[in-house]
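Asks: Structure provided below as structure tokens; questions to follow.
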Amino acid sequence: RVKGEINAMLSGRGFTASHTIVACGAHSSMPHHSGEGPIYADKPVVIDIFPRSQSSGYFGDMTRTVVRGVPSPALVKMYDTVLRGQKLAIGMIRAGVKVKDIHTAVVDYFKSRGFETGMIDGKMQGFIHSTGHGLGLEIHEPPRISMGDEVLEEGNVVTVEPGLYYEKTGGVRIEDVVVVEKGGSTNSRTCKSCRSCNGTRSELFLPSSPRPSLVPFLTIPALRNCIRRLQMPFLRRLFRRGRAPSIFSPCPGARAPACRCRNTCSIGKARSSE
């Protein structure tokens with residue numbers, strides 16, 4: 001149902017969305033599982049949207065992790081680690097940097113926070129994919145931010161999408177797209193509602209870019225509207241029981257719409273008596 005709503009909205013605005021991922025619980029611990037069945041309370045929901053513009057042919061790519069209800073302390077730590085790992089990777093991106101240096105830094109950071117990668121209970125778990133990949137007329141293009149020998153060049157458009165995946169806890173992935181520049185990178189998503197976070201909070205769902213020619217899809221209003229709708233009212237309509245979806249560590253200046261969950265979440269408590 002959620003995937004159908006996402007795909008229908010994008011299709012109506014001239015974009016083809018296929019293989020959209022909305023994976024909950026154990027399914028979220030498998031990076032490429034598209035998701036099926038119900039969305040459970042208190043479990044991570046990985047939402048990965050990568051549609052293609054029917055006019056320009058360019059792809060967009062964005063992933064967020066949300067929870068219906070209250071995340072466990074272990075899940076909160078996972079999310080915080082992935083978010084910090086993504087910020088670490090984005091801070092290293094600039095022309096001339098070796099991709100393996102970025103990937104290795106993220107792997108080492110995850111390990112320092114207690115998140116190991118390897119065989120656990122007979123299954124590969126932890127950080128089990130690359131940090132990112134090129135994006136353009138194909139969904140996966142060079143360079144791949146992994147253990148290869150590639151070097152970033154000015155003008156490359158790459159995803160930055162670290163993640164952690166454990167069968168017992170679930171998965172967390174956060175993905176944004178950046179443009180490689182000589183002295184750093186430009187993130188295609190920044191906070192529009194305030195400047196208190198300096199555009200560094202990946203959970204804001206508000207993409208924009210001063211370089212629209214380099215990121216032709218992610219800057220369009222359709223994706224922003226889709227993500228904002230996905231973040232707030234649509235998910236709340238689906239999750240009529242229990243608390244409204246939570247977004248971890250929301251930007252302190254972001255404005256949230258009135259909650260309609262009629263339950264006890266922090267936004268809707270004032271409406272619980274209605």
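Starting from 1 in every chain, residues are counted up; chains themselves are A, B, ... following the order of the structure tokens, and ligands are numbered from 1 as listed.
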If you count only C-alpha atoms, which residues fall within 6 Å of A:Tyr58, apart from same-chain ones fewer than 3 positions away, as a VMD selection string?

Replies: chain A and resid 52 to 53 136 to 137

Asks: Would you save the residues from that selection as an mmCIF file, in the first residue's frame, using C-alpha atoms?

Replies:
data_model
loop_
_atom_site.group_PDB
_atom_site.id
_atom_site.type_symbol
_atom_site.label_atom_id
_atom_site.label_comp_id
_atom_site.auth_asym_id
_atom_site.auth_seq_id
_atom_site.Cartn_x
_atom_site.Cartn_y
_atom_site.Cartn_z
ATOM 1 C CA ARG A 52 13.607 8.140 -13.015
ATOM 2 C CA SER A 53 12.499 11.310 -14.771
ATOM 3 C CA GLY A 136 22.903 9.695 -13.419
ATOM 4 C CA LEU A 137 21.255 8.151 -16.461
#

Asks: Per residue of stretch 46-97 of chain A within 7 Å of stretch 146-154 of chain A, which atom pair is closest and at what distance in Å (one decimal), using only C-alpha atoms, listed by chain and increasing number, as a tab-separated table?

Replies:
residue	atom	partner	partner_atom	distance
A:Arg94	CA	A:Leu152	CA	6.8
A:Ala95	CA	A:Glu153	CA	4.6
A:Gly96	CA	A:Leu152	CA	5.4
A:Val97	CA	A:Val151	CA	5.6

Asks: Taking the backbone alone, and naming residues the way the document does, which bits of stretch 58-124 of chain A are alpha helix (DSSP H) by DSSP, as a PyMOL selection string?

Replies: chain A and resi 73-92+99-112

Asks: If we count only C-alpha atoms, what is near A:Ile90 at a cut-off of 8 Å, once residues fewer than 2 positions away on the same chain are taken out, given as JSON, numbers by chain?

Replies: {"A": [86, 87, 88, 92, 93, 160, 178, 185]}

Asks: Using only C-alpha atoms, find the one residue out of A:Gln54, A:Thr16, A:Thr169, A:Thr131 that sits nearest to A:Pro143.

Replies: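 Under the stated criterion, the closest residue is A:Thr131.
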
Asks: State, in Å with one decimal place, the distance from atom CA of A:Gly171 to atom CA of A:Phe15.

Replies: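 A separation of 27.3 Å between them.
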
Asks: Counting only C-alpha atoms, figure out which residue out of A:Ile174, A:Ile102, A:Met62, A:Leu10 gets nearest to A:Asp80.

Replies: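 That would be A:Ile174, the residue with the smallest distance to A:Asp80.
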
Asks: Check the smallest atom-to-atom distance from each of A:Ser18, A:Thr159, A:Ser72, A:Thr186 to A:His140 using only C-alpha atoms, then report the winner.

Replies: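 That would be A:Thr159, the residue with the smallest distance to A:His140.
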
Asks: So which residues touch A:Arg144 within 7 Å, counting only C-alpha atoms, skipping near sequence neighbours fewer than 4 positions away, as an NGL selection string?

Replies: :A and (132-134)

Asks: Which neighbours of stretch 33-44 of chain A fall inside 9 Å, counting only C-alpha atoms, when residues of the same chain fewer than 5 positions from it are skipped, and could you give them as a PDB file with N, CA, C and O atoms, in the first residue's frame?

Replies:
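What follows is the written file result-v5.pdb:
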ATOM      1  N   HIS A  19      10.582  -0.813  -8.190  1.00  0.00           N
ATOM      2  CA  HIS A  19      11.382  -1.483  -7.154  1.00  0.00           C
ATOM      3  C   HIS A  19      11.540  -0.619  -5.900  1.00  0.00           C
ATOM      4  O   HIS A  19      12.535  -0.741  -5.178  1.00  0.00           O
ATOM      5  N   THR A  20      10.594   0.254  -5.649  1.00  0.00           N
ATOM      6  CA  THR A  20      10.621   1.060  -4.426  1.00  0.00           C
ATOM      7  C   THR A  20      10.662   0.139  -3.210  1.00  0.00           C
ATOM      8  O   THR A  20       9.983  -0.885  -3.156  1.00  0.00           O
ATOM      9  N   ILE A  21      11.485   0.517  -2.225  1.00  0.00           N
ATOM     10  CA  ILE A  21      11.657  -0.315  -1.032  1.00  0.00           C
ATOM     11  C   ILE A  21      10.919   0.312   0.151  1.00  0.00           C
ATOM     12  O   ILE A  21      11.121   1.486   0.466  1.00  0.00           O
ATOM     13  N   VAL A  22      10.042  -0.461   0.770  1.00  0.00           N
ATOM     14  CA  VAL A  22       9.442  -0.113   2.059  1.00  0.00           C
ATOM     15  C   VAL A  22       9.509  -1.390   2.887  1.00  0.00           C
ATOM     16  O   VAL A  22       8.608  -2.220   2.858  1.00  0.00           O
ATOM     17  N   ALA A  23      10.611  -1.557   3.612  1.00  0.00           N
ATOM     18  CA  ALA A  23      10.901  -2.815   4.294  1.00  0.00           C
ATOM     19  C   ALA A  23      10.882  -2.607   5.806  1.00  0.00           C
ATOM     20  O   ALA A  23      11.553  -1.718   6.325  1.00  0.00           O
ATOM     21  N   CYS A  24      10.142  -3.450   6.499  1.00  0.00           N
ATOM     22  CA  CYS A  24       9.957  -3.300   7.945  1.00  0.00           C
ATOM     23  C   CYS A  24      10.528  -4.502   8.698  1.00  0.00           C
ATOM     24  O   CYS A  24      10.515  -5.632   8.204  1.00  0.00           O
ATOM     25  N   GLY A  25      11.023  -4.231   9.900  1.00  0.00           N
ATOM     26  CA  GLY A  25      11.457  -5.304  10.790  1.00  0.00           C
ATOM     27  C   GLY A  25      12.581  -6.136  10.210  1.00  0.00           C
ATOM     28  O   GLY A  25      13.600  -5.615   9.770  1.00  0.00           O
ATOM     29  N   ALA A  26      12.403  -7.456  10.213  1.00  0.00           N
ATOM     30  CA  ALA A  26      13.443  -8.363   9.706  1.00  0.00           C
ATOM     31  C   ALA A  26      13.752  -8.089   8.243  1.00  0.00           C
ATOM     32  O   ALA A  26      14.893  -8.228   7.808  1.00  0.00           O
ATOM     33  N   HIS A  27      12.756  -7.684   7.472  1.00  0.00           N
ATOM     34  CA  HIS A  27      12.994  -7.374   6.063  1.00  0.00           C
ATOM     35  C   HIS A  27      13.949  -6.191   5.906  1.00  0.00           C
ATOM     36  O   HIS A  27      14.712  -6.109   4.948  1.00  0.00           O
ATOM     37  N   SER A  28      13.907  -5.259   6.849  1.00  0.00           N
ATOM     38  CA  SER A  28      14.787  -4.092   6.759  1.00  0.00           C
ATOM     39  C   SER A  28      16.249  -4.465   6.984  1.00  0.00           C
ATOM     40  O   SER A  28      17.147  -3.682   6.666  1.00  0.00           O
ATOM     41  N   THR A  65      14.947   6.139   7.197  1.00  0.00           N
ATOM     42  CA  THR A  65      14.485   5.097   8.112  1.00  0.00           C
ATOM     43  C   THR A  65      13.567   5.740   9.142  1.00  0.00           C
ATOM     44  O   THR A  65      13.943   6.728   9.777  1.00  0.00           O
ATOM     45  N   VAL A  66      12.370   5.197   9.288  1.00  0.00           N
ATOM     46  CA  VAL A  66      11.388   5.722  10.232  1.00  0.00           C
ATOM     47  C   VAL A  66      10.892   4.594  11.117  1.00  0.00           C
ATOM     48  O   VAL A  66      11.158   3.416  10.863  1.00  0.00           O
ATOM     49  N   VAL A  67      10.171   4.953  12.156  1.00  0.00           N
ATOM     50  CA  VAL A  67       9.603   3.979  13.085  1.00  0.00           C
ATOM     51  C   VAL A  67       8.168   4.355  13.381  1.00  0.00           C
ATOM     52  O   VAL A  67       7.861   5.526  13.610  1.00  0.00           O
ATOM     53  N   ARG A  68       7.297   3.386  13.359  1.00  0.00           N
ATOM     54  CA  ARG A  68       5.926   3.569  13.831  1.00  0.00           C
ATOM     55  C   ARG A  68       5.916   3.221  15.311  1.00  0.00           C
ATOM     56  O   ARG A  68       6.013   2.058  15.692  1.00  0.00           O
ATOM     57  N   GLY A  69       5.859   4.215  16.157  1.00  0.00           N
ATOM     58  CA  GLY A  69       5.867   3.955  17.578  1.00  0.00           C
ATOM     59  C   GLY A  69       7.130   4.467  18.239  1.00  0.00           C
ATOM     60  O   GLY A  69       7.577   5.576  17.971  1.00  0.00           O
ATOM     61  N   VAL A  70       7.736   3.651  19.091  1.00  0.00           N
ATOM     62  CA  VAL A  70       8.897   4.069  19.879  1.00  0.00           C
ATOM     63  C   VAL A  70      10.083   3.162  19.557  1.00  0.00           C
ATOM     64  O   VAL A  70       9.998   1.944  19.758  1.00  0.00           O
ATOM     65  N   PRO A  71      11.195   3.699  19.090  1.00  0.00           N
ATOM     66  CA  PRO A  71      12.367   2.866  18.797  1.00  0.00           C
ATOM     67  C   PRO A  71      13.040   2.402  20.075  1.00  0.00           C
ATOM     68  O   PRO A  71      13.053   3.110  21.092  1.00  0.00           O
ATOM     69  N   SER A  72      13.616   1.210  20.029  1.00  0.00           N
ATOM     70  CA  SER A  72      14.356   0.692  21.174  1.00  0.00           C
ATOM     71  C   SER A  72      15.672   1.455  21.332  1.00  0.00           C
ATOM     72  O   SER A  72      16.157   2.073  20.373  1.00  0.00           O
ATOM     73  N   LEU A  75      18.106   0.473  18.715  1.00  0.00           N
ATOM     74  CA  LEU A  75      17.806   1.029  17.396  1.00  0.00           C
ATOM     75  C   LEU A  75      18.182   2.512  17.330  1.00  0.00           C
ATOM     76  O   LEU A  75      18.690   2.991  16.307  1.00  0.00           O
ATOM     77  N   THR A 169      17.636  -6.878  15.240  1.00  0.00           N
ATOM     78  CA  THR A 169      17.253  -5.477  15.464  1.00  0.00           C
ATOM     79  C   THR A 169      16.544  -4.877  14.261  1.00  0.00           C
ATOM     80  O   THR A 169      15.627  -4.066  14.394  1.00  0.00           O
ATOM     81  N   GLY A 170      16.969  -5.265  13.071  1.00  0.00           N
ATOM     82  CA  GLY A 170      16.474  -4.661  11.840  1.00  0.00           C
ATOM     83  C   GLY A 170      17.577  -3.860  11.176  1.00  0.00           C
ATOM     84  O   GLY A 170      18.755  -3.975  11.529  1.00  0.00           O
ATOM     85  N   GLY A 171      17.200  -3.040  10.219  1.00  0.00           N
ATOM     86  CA  GLY A 171      18.184  -2.268   9.469  1.00  0.00           C
ATOM     87  C   GLY A 171      17.939  -0.775   9.563  1.00  0.00           C
ATOM     88  O   GLY A 171      16.817  -0.322   9.809  1.00  0.00           O
ATOM     89  N   VAL A 172      19.017  -0.029   9.367  1.00  0.00           N
ATOM     90  CA  VAL A 172      18.957   1.429   9.299  1.00  0.00           C
ATOM     91  C   VAL A 172      19.829   1.867   8.126  1.00  0.00           C
ATOM     92  O   VAL A 172      20.997   1.480   8.037  1.00  0.00           O
ATOM     93  N   PHE A 239      -1.256   4.279   9.639  1.00  0.00           N
ATOM     94  CA  PHE A 239      -1.016   3.763  10.971  1.00  0.00           C
ATOM     95  C   PHE A 239      -2.082   4.295  11.927  1.00  0.00           C
ATOM     96  O   PHE A 239      -1.804   5.074  12.826  1.00  0.00           O
ATOM     97  N   GLY A 242      -2.089   2.822  17.289  1.00  0.00           N
ATOM     98  CA  GLY A 242      -0.791   3.091  17.886  1.00  0.00           C
ATOM     99  C   GLY A 242      -0.329   4.501  17.603  1.00  0.00           C
ATOM    100  O   GLY A 242      -1.070   5.351  17.120  1.00  0.00           O
ATOM    101  N   ARG A 243       0.928   4.775  17.892  1.00  0.00           N
ATOM    102  CA  ARG A 243       1.455   6.113  17.770  1.00  0.00           C
ATOM    103  C   ARG A 243       1.818   6.445  16.338  1.00  0.00           C
ATOM    104  O   ARG A 243       2.048   5.572  15.520  1.00  0.00           O
ATOM    105  N   PRO A 245       4.214   7.755  13.255  1.00  0.00           N
ATOM    106  CA  PRO A 245       5.615   7.454  12.964  1.00  0.00           C
ATOM    107  C   PRO A 245       6.541   8.476  13.608  1.00  0.00           C
ATOM    108  O   PRO A 245       6.227   9.657  13.676  1.00  0.00           O
TER     109      PRO A 245
END

Asks: What separation in Å, quoted to one decimal, exists between atom CA of A:Ser29 and atom CA of A:Asn187?

Replies: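 Interatomic distance, atom CA of A:Ser29 to atom CA of A:Asn187: 26.4 Å.
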
Asks: At a cut-off of 12 Å, using only C-alpha atoms, what residues contact A:Asp108? Leave out same-chain residues fewer than 2 positions from it and give the result as a PyMOL selection string.

Replies: chain A and resi 81+85+88-89+100-106+110-117+126-127

Asks: I'd like the interatomic distance between atom CA of A:Glu167 and atom CA of A:Gly4, to a tenth of an Å.

Replies: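 Between atom CA of A:Glu167 and atom CA of A:Gly4 the gap works out to 26.1 Å.
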
Asks: So that I can check the surroundings of A:Thr63, please list as an MDAnalysis selection string every protein, DNA and RNA residue that reaches within 8 Å of it, counting only C-alpha atoms and ignoring chain neighbours fewer than 4 positions away.

Replies: chainID A and resid 46:49 161 173:176
